[in-house]
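A.B. asks: Have a peek at model_6.pdb (PDB, C-alpha atoms).
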```pdb
ATOM      1  CA  GLN A   1      -3.494 -11.839  11.077
ATOM      2  CA  VAL A   2      -4.787  -8.267  10.954
ATOM      3  CA  GLN A   3      -8.106  -7.167   9.516
ATOM      4  CA  LEU A   4      -9.078  -3.650   8.467
ATOM      5  CA  VAL A   5     -12.722  -2.667   8.211
ATOM      6  CA  GLU A   6     -13.565   0.601   6.512
ATOM      7  CA  SER A   7     -16.830   2.507   6.625
ATOM      8  CA  GLY A   8     -18.299   5.902   5.873
ATOM      9  CA  GLY A   9     -18.192   6.195   2.105
ATOM     10  CA  GLY A  10     -21.153   7.277   0.027
ATOM     11  CA  LEU A  11     -22.642   9.676  -2.488
ATOM     12  CA  VAL A  12     -22.632  13.371  -1.613
ATOM     13  CA  GLN A  13     -23.021  16.679  -3.385
ATOM     14  CA  PRO A  14     -20.144  19.115  -3.892
ATOM     15  CA  GLY A  15     -19.431  21.079  -0.736
ATOM     16  CA  GLU A  16     -20.733  18.405   1.597
ATOM     17  CA  SER A  17     -18.803  16.312   4.104
ATOM     18  CA  LEU A  18     -18.084  12.674   4.858
ATOM     19  CA  ARG A  19     -16.177  10.896   7.590
ATOM     20  CA  LEU A  20     -14.345   7.672   6.853
ATOM     21  CA  SER A  21     -13.362   5.195   9.550
ATOM     22  CA  CYS A  22     -10.977   2.259   9.494
ATOM     23  CA  ALA A  23     -10.806  -0.122  12.428
ATOM     24  CA  ALA A  24      -7.960  -2.595  12.807
ATOM     25  CA  SER A  25      -8.477  -5.866  14.617
ATOM     26  CA  GLY A  26      -6.812  -9.231  15.041
ATOM     27  CA  SER A  27      -3.362 -10.092  16.331
ATOM     28  CA  LEU A  28      -2.219  -6.546  16.949
ATOM     29  CA  PHE A  29       1.075  -6.208  18.782
ATOM     30  CA  SER A  30       1.958  -2.784  17.457
ATOM     31  CA  ILE A  31       0.536  -0.232  15.047
ATOM     32  CA  SER A  32       2.636   2.548  13.638
ATOM     33  CA  THR A  33       1.625   4.691  10.679
ATOM     34  CA  MET A  34      -2.026   4.717   9.626
ATOM     35  CA  GLY A  35      -3.230   6.396   6.477
ATOM     36  CA  TRP A  36      -5.667   6.814   3.651
ATOM     37  CA  TYR A  37      -5.011   6.435  -0.055
ATOM     38  CA  ARG A  38      -7.372   6.813  -2.978
ATOM     39  CA  GLN A  39      -7.679   5.628  -6.531
ATOM     40  CA  ALA A  40      -9.826   7.552  -8.965
ATOM     41  CA  PRO A  41     -11.767   5.759 -11.710
ATOM     42  CA  GLY A  42     -10.336   5.517 -15.197
ATOM     43  CA  PRO A  43      -7.422   3.872 -16.961
ATOM     44  CA  GLY A  44      -3.942   4.693 -15.729
ATOM     45  CA  LYS A  45      -5.084   6.176 -12.445
ATOM     46  CA  GLN A  46      -2.596   5.410  -9.692
ATOM     47  CA  ARG A  47      -3.392   4.919  -6.041
ATOM     48  CA  GLU A  48      -2.242   8.082  -4.277
ATOM     49  CA  LEU A  49      -1.653   9.196  -0.723
ATOM     50  CA  VAL A  50      -4.411  11.304   0.779
ATOM     51  CA  ALA A  51      -3.194  11.581   4.355
ATOM     52  CA  ARG A  52      -1.254   9.648   6.963
ATOM     53  CA  ILE A  53      -0.652   9.933  10.668
ATOM     54  CA  THR A  54       2.146   8.516  12.786
ATOM     55  CA  THR A  55       1.938   7.072  16.271
ATOM     56  CA  ASN A  56       2.797  10.415  17.852
ATOM     57  CA  GLY A  57       0.236  12.294  15.762
ATOM     58  CA  SER A  58       2.444  13.760  13.069
ATOM     59  CA  THR A  59       0.409  14.183   9.864
ATOM     60  CA  THR A  60       1.052  14.426   6.142
ATOM     61  CA  TYR A  61      -1.485  15.513   3.534
ATOM     62  CA  ALA A  62      -1.662  15.585  -0.226
ATOM     63  CA  ASP A  63      -1.633  19.168  -1.496
ATOM     64  CA  SER A  64      -5.031  18.648  -3.093
ATOM     65  CA  VAL A  65      -6.746  18.023   0.264
ATOM     66  CA  LYS A  66      -4.870  20.368   2.603
ATOM     67  CA  GLY A  67      -7.271  22.572   4.514
ATOM     68  CA  ARG A  68     -10.267  20.382   3.658
ATOM     69  CA  PHE A  69      -9.434  16.924   5.039
ATOM     70  CA  THR A  70      -8.332  16.017   8.549
ATOM     71  CA  ILE A  71      -6.860  12.690   9.584
ATOM     72  CA  SER A  72      -6.986  11.507  13.183
ATOM     73  CA  ARG A  73      -6.586   8.297  15.125
ATOM     74  CA  ASP A  74      -7.846   6.709  18.310
ATOM     75  CA  ASN A  75      -5.089   4.429  19.528
ATOM     76  CA  ALA A  76      -7.316   2.847  22.171
ATOM     77  CA  LYS A  77      -9.707   1.723  19.430
ATOM     78  CA  ASN A  78      -7.031   1.012  16.787
ATOM     79  CA  THR A  79      -9.023   3.235  14.463
ATOM     80  CA  VAL A  80      -8.088   5.932  11.980
ATOM     81  CA  TYR A  81     -10.511   8.549  10.702
ATOM     82  CA  LEU A  82     -10.608  10.862   7.717
ATOM     83  CA  GLN A  83     -12.881  13.879   8.011
ATOM     84  CA  MET A  84     -13.533  15.204   4.526
ATOM     85  CA  ASN A  85     -15.084  18.649   4.191
ATOM     86  CA  SER A  86     -15.855  20.813   1.174
ATOM     87  CA  LEU A  87     -15.817  17.775  -1.064
ATOM     88  CA  LYS A  88     -15.247  18.279  -4.785
ATOM     89  CA  PRO A  89     -16.103  16.085  -7.776
ATOM     90  CA  GLU A  90     -12.392  15.396  -8.197
ATOM     91  CA  ASP A  91     -12.393  13.731  -4.783
ATOM     92  CA  THR A  92     -14.440  10.904  -6.294
ATOM     93  CA  ALA A  93     -12.470   7.708  -5.811
ATOM     94  CA  SER A  94     -12.177   4.468  -3.932
ATOM     95  CA  TYR A  95     -10.564   5.230  -0.587
ATOM     96  CA  TYR A  96      -8.289   2.649   1.004
ATOM     97  CA  CYS A  97      -7.062   2.440   4.550
ATOM     98  CA  ARG A  98      -3.377   1.512   4.933
ATOM     99  CA  VAL A  99      -1.909   0.430   8.241
ATOM    100  CA  VAL A 100       1.542  -0.683   9.313
ATOM    101  CA  ALA A 101       0.992  -3.237  12.057
ATOM    102  CA  ASN A 102       3.412  -5.752  13.529
ATOM    103  CA  SER A 103       5.988  -4.341  11.059
ATOM    104  CA  ARG A 104       3.835  -5.439   8.114
ATOM    105  CA  LEU A 105       1.706  -3.479   5.685
ATOM    106  CA  TYR A 106      -2.044  -4.025   5.466
ATOM    107  CA  TRP A 107      -4.681  -2.557   3.158
ATOM    108  CA  GLY A 108      -8.420  -2.266   3.659
ATOM    109  CA  GLN A 109     -10.905  -3.392   1.068
ATOM    110  CA  GLY A 110     -11.775   0.140   0.006
ATOM    111  CA  THR A 111     -14.824   2.340   0.352
ATOM    112  CA  GLN A 112     -16.336   4.357  -2.478
ATOM    113  CA  VAL A 113     -16.704   8.115  -2.257
ATOM    114  CA  THR A 114     -18.678   9.796  -5.023
ATOM    115  CA  VAL A 115     -19.090  13.557  -5.194
ATOM    116  CA  SER A 116     -21.672  14.598  -7.739
ATOM    117  CA  SER A 117     -24.535  17.013  -8.165
TER     118      SER A 117
END
```
Could you write out this file's structure as C-alpha coordinates?

C.D. replies:
Amino acid sequence: QVQLVESGGGLVQPGESLRLSCAASGSLFSISTMGWYRQAPGPGKQRELVARITTNGSTTYADSVKGRFTISRDNAKNTVYLQMNSLKPEDTASYYCRVVANSRLYWGQGTQVTVSS
(Lines of atoms letter the chains of each structure in order from A and count residues from 1; the text may use other names and numbers.)
(Lines give C-alpha, C1' and ligand atoms only; values in the text may rest on other atoms or scores of the structure.)
Protein backbone atom coordinates (compact mmCIF):
# COMPACT_ATOMS: atom_id res chain seq x y z
CA GLN A 1 0.00 0.00 0.00
CA VAL A 2 1.11 3.56 -0.72
CA GLN A 3 0.28 6.60 1.37
CA LEU A 4 0.47 10.23 0.29
CA VAL A 5 0.74 12.99 2.87
CA GLU A 6 0.23 16.55 1.72
CA SER A 7 1.13 19.74 3.56
CA GLY A 8 1.59 23.44 3.00
CA GLY A 9 -1.88 24.76 2.28
CA GLY A 10 -3.34 27.79 4.00
CA LEU A 11 -4.86 31.24 3.74
CA VAL A 12 -2.84 33.92 1.97
CA GLN A 13 -3.43 37.31 0.40
CA PRO A 14 -3.27 37.91 -3.35
CA GLY A 15 0.31 38.16 -4.55
CA GLU A 16 1.72 35.99 -1.79
CA SER A 17 3.31 32.56 -2.06
CA LEU A 18 2.81 29.05 -0.74
CA ARG A 19 4.72 25.81 -1.12
CA LEU A 20 2.88 22.51 -1.15
CA SER A 21 4.58 19.20 -0.39
CA CYS A 22 3.45 15.63 -0.95
CA ALA A 23 5.45 12.75 0.48
CA ALA A 24 4.86 9.19 -0.65
CA SER A 25 5.54 6.29 1.68
CA GLY A 26 4.76 2.61 2.01
CA SER A 27 5.52 -0.26 -0.33
CA LEU A 28 7.19 1.80 -3.02
CA PHE A 29 8.86 -0.20 -5.77
CA SER A 30 8.67 2.48 -8.43
CA ILE A 31 7.30 5.99 -8.81
CA SER A 32 6.76 7.55 -12.19
CA THR A 33 4.71 10.68 -12.78
CA MET A 34 3.91 12.91 -9.81
CA GLY A 35 1.54 15.83 -10.03
CA TRP A 36 -0.87 18.29 -8.52
CA TYR A 37 -4.53 18.76 -9.36
CA ARG A 38 -7.04 21.17 -7.91
CA GLN A 39 -10.77 21.46 -7.49
CA ALA A 40 -12.34 24.85 -6.94
CA PRO A 41 -15.41 25.25 -4.73
CA GLY A 42 -18.85 25.37 -6.27
CA PRO A 43 -21.20 23.07 -8.14
CA GLY A 44 -19.96 21.55 -11.37
CA LYS A 45 -16.31 22.34 -10.73
CA GLN A 46 -14.09 19.60 -12.12
CA ARG A 47 -10.76 18.52 -10.73
CA GLU A 48 -8.13 19.92 -13.09
CA LEU A 49 -4.44 19.43 -13.70
CA VAL A 50 -2.20 22.09 -12.23
CA ALA A 51 1.21 20.60 -12.95
CA ARG A 52 2.95 17.26 -13.30
CA ILE A 53 6.51 16.06 -13.49
CA THR A 54 7.91 12.83 -14.89
CA THR A 55 10.74 10.73 -13.55
CA ASN A 56 13.27 12.48 -15.77
CA GLY A 57 12.04 15.95 -14.80
CA SER A 58 9.86 16.79 -17.77
CA THR A 59 7.07 19.15 -16.65
CA THR A 60 3.60 20.13 -17.79
CA TYR A 61 1.62 23.11 -16.51
CA ALA A 62 -1.90 24.39 -16.87
CA ASP A 63 -1.95 27.63 -18.87
CA SER A 64 -3.45 29.46 -15.90
CA VAL A 65 -0.39 28.83 -13.70
CA LYS A 66 2.48 29.03 -16.19
CA GLY A 67 5.13 31.46 -15.02
CA ARG A 68 3.76 31.52 -11.46
CA PHE A 69 3.91 27.91 -10.25
CA THR A 70 6.87 25.55 -10.28
CA ILE A 71 6.70 21.81 -9.73
CA SER A 72 9.72 19.84 -8.57
CA ARG A 73 10.50 16.48 -7.04
CA ASP A 74 13.06 14.90 -4.76
CA ASN A 75 13.33 11.28 -5.80
CA ALA A 76 15.43 10.37 -2.77
CA LYS A 77 12.60 11.54 -0.50
CA ASN A 78 9.74 10.39 -2.76
CA THR A 79 8.36 13.90 -2.48
CA VAL A 80 6.84 16.32 -4.96
CA TYR A 81 6.60 20.06 -4.37
CA LEU A 82 4.54 22.86 -5.84
CA GLN A 83 5.91 26.36 -5.39
CA MET A 84 3.08 28.81 -5.94
CA ASN A 85 3.96 32.47 -6.41
CA SER A 86 1.85 35.52 -7.22
CA LEU A 87 -1.25 33.74 -6.00
CA LYS A 88 -4.64 34.98 -7.22
CA PRO A 89 -8.13 34.57 -5.75
CA GLU A 90 -8.94 32.22 -8.62
CA ASP A 91 -6.25 29.86 -7.35
CA THR A 92 -8.49 29.12 -4.36
CA ALA A 93 -9.17 25.39 -4.37
CA SER A 94 -8.46 22.08 -2.74
CA TYR A 95 -5.13 20.84 -4.08
CA TYR A 96 -4.58 17.12 -4.51
CA CYS A 97 -1.36 15.24 -5.01
CA ARG A 98 -1.49 12.47 -7.63
CA VAL A 99 1.21 9.84 -7.92
CA VAL A 100 1.68 6.84 -10.16
CA ALA A 101 3.48 4.25 -8.06
CA ASN A 102 3.93 0.54 -8.66
CA SER A 103 1.92 1.08 -11.89
CA ARG A 104 -1.11 2.21 -9.87
CA LEU A 105 -2.66 5.62 -9.35
CA TYR A 106 -2.85 7.19 -5.90
CA TRP A 107 -4.42 10.43 -4.69
CA GLY A 108 -3.66 12.45 -1.58
CA GLN A 109 -6.34 13.62 0.78
CA GLY A 110 -6.16 17.22 -0.40
CA THR A 111 -4.96 20.46 1.14
CA GLN A 112 -6.90 23.71 1.05
CA VAL A 113 -5.46 26.84 -0.51
CA THR A 114 -7.43 30.04 -0.03
CA VAL A 115 -6.35 33.32 -1.60
CA SER A 116 -8.28 36.26 -0.24
CA SER A 117 -7.76 39.80 0.92

A.B. asks: May I ask which of the residues A:Trp36, A:Tyr61, A:Phe29, A:Tyr106 is the closest one to Tyr81 of chain A, counting all atoms listed in the file?

C.D. replies: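 Nearest to Tyr81 of chain A: A:Trp36.
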
A.B. asks: Report as JSON the centre and the edge lengths, in Å to one decimal, of the axis-aligned box holding every listed atom of segment 23-28 of chain A, padded by 6 Å on each side.

C.D. replies:
```
{"center_x": -6.5, "center_y": -5.1, "center_z": 14.7, "size_x": 20.6, "size_y": 22.0, "size_z": 16.5}
```

A.B. asks: Go ahead and compute the interatomic distance for atom CA of Asn102 of chain A and atom CA of Leu28 of chain A, in Å to one decimal.

C.D. replies: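 Computing it gives 6.6 Å between the two atoms.
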
A.B. asks: From the list A:Leu49, A:Val65, A:Leu4, A:Leu87, which residue is nearest Gly35 of chain A when using all atoms listed in the file?

C.D. replies: A:Leu49

A.B. asks: When the PyMOL selection byres ((chain A and resi 89-96) around 6) is applied to the file above, which residues end up in the set, as a PyMOL selection string?

C.D. replies: chain A and resi 36-40+88+97+108+110-116

A.B. asks: How would segment 27-42 of chain A read, as an mmCIF file, keeping the file's coordinate frame, once N, CA, C and O atoms are built in?

C.D. replies:
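Dumped everything to part-v9.cif:
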```
data_model
loop_
_atom_site.group_PDB
_atom_site.id
_atom_site.type_symbol
_atom_site.label_atom_id
_atom_site.label_comp_id
_atom_site.auth_asym_id
_atom_site.auth_seq_id
_atom_site.Cartn_x
_atom_site.Cartn_y
_atom_site.Cartn_z
ATOM 1 N N SER A 27 -4.572 -9.918 15.521
ATOM 2 C CA SER A 27 -3.362 -10.092 16.331
ATOM 3 C C SER A 27 -2.495 -8.842 16.232
ATOM 4 O O SER A 27 -1.516 -8.796 15.498
ATOM 5 N N LEU A 28 -2.901 -7.837 16.995
ATOM 6 C CA LEU A 28 -2.219 -6.546 16.949
ATOM 7 C C LEU A 28 -1.232 -6.430 18.098
ATOM 8 O O LEU A 28 -1.625 -6.340 19.256
ATOM 9 N N PHE A 29 0.045 -6.405 17.761
ATOM 10 C CA PHE A 29 1.075 -6.208 18.782
ATOM 11 C C PHE A 29 1.573 -4.771 18.760
ATOM 12 O O PHE A 29 1.962 -4.227 19.789
ATOM 13 N N SER A 30 1.559 -4.177 17.580
ATOM 14 C CA SER A 30 1.958 -2.784 17.457
ATOM 15 C C SER A 30 1.384 -2.217 16.173
ATOM 16 O O SER A 30 1.265 -2.915 15.162
ATOM 17 N N ILE A 31 0.994 -0.954 16.229
ATOM 18 C CA ILE A 31 0.536 -0.232 15.047
ATOM 19 C C ILE A 31 1.347 1.039 14.957
ATOM 20 O O ILE A 31 1.450 1.772 15.930
ATOM 21 N N SER A 32 1.915 1.292 13.804
ATOM 22 C CA SER A 32 2.636 2.548 13.638
ATOM 23 C C SER A 32 1.825 3.468 12.723
ATOM 24 O O SER A 32 0.748 3.889 13.092
ATOM 25 N N THR A 33 2.304 3.735 11.540
ATOM 26 C CA THR A 33 1.625 4.691 10.679
ATOM 27 C C THR A 33 0.293 4.149 10.163
ATOM 28 O O THR A 33 0.196 2.996 9.760
ATOM 29 N N MET A 34 -0.713 5.024 10.184
ATOM 30 C CA MET A 34 -2.026 4.717 9.626
ATOM 31 C C MET A 34 -2.332 5.790 8.581
ATOM 32 O O MET A 34 -1.963 6.956 8.766
ATOM 33 N N GLY A 35 -2.988 5.406 7.512
ATOM 34 C CA GLY A 35 -3.230 6.396 6.477
ATOM 35 C C GLY A 35 -4.355 6.038 5.544
ATOM 36 O O GLY A 35 -4.947 4.957 5.623
ATOM 37 N N TRP A 36 -4.646 6.983 4.674
ATOM 38 C CA TRP A 36 -5.667 6.814 3.651
ATOM 39 C C TRP A 36 -5.063 7.110 2.278
ATOM 40 O O TRP A 36 -4.339 8.103 2.112
ATOM 41 N N TYR A 37 -5.385 6.256 1.339
ATOM 42 C CA TYR A 37 -5.011 6.435 -0.055
ATOM 43 C C TYR A 37 -6.288 6.402 -0.884
ATOM 44 O O TYR A 37 -7.329 5.944 -0.414
ATOM 45 N N ARG A 38 -6.199 6.882 -2.110
ATOM 46 C CA ARG A 38 -7.372 6.813 -2.978
ATOM 47 C C ARG A 38 -6.958 6.513 -4.403
ATOM 48 O O ARG A 38 -5.836 6.816 -4.821
ATOM 49 N N GLN A 39 -7.898 5.945 -5.125
ATOM 50 C CA GLN A 39 -7.679 5.628 -6.531
ATOM 51 C C GLN A 39 -8.915 6.056 -7.306
ATOM 52 O O GLN A 39 -10.012 5.531 -7.087
ATOM 53 N N ALA A 40 -8.726 7.026 -8.175
ATOM 54 C CA ALA A 40 -9.826 7.552 -8.965
ATOM 55 C C ALA A 40 -10.170 6.581 -10.094
ATOM 56 O O ALA A 40 -9.311 5.780 -10.522
ATOM 57 N N PRO A 41 -11.386 6.635 -10.591
ATOM 58 C CA PRO A 41 -11.767 5.759 -11.710
ATOM 59 C C PRO A 41 -11.071 6.180 -13.000
ATOM 60 O O PRO A 41 -10.679 7.319 -13.163
ATOM 61 N N GLY A 42 -10.921 5.216 -13.904
ATOM 62 C CA GLY A 42 -10.336 5.517 -15.197
ATOM 63 C C GLY A 42 -9.018 4.811 -15.403
ATOM 64 O O GLY A 42 -8.315 4.495 -14.433
#
```
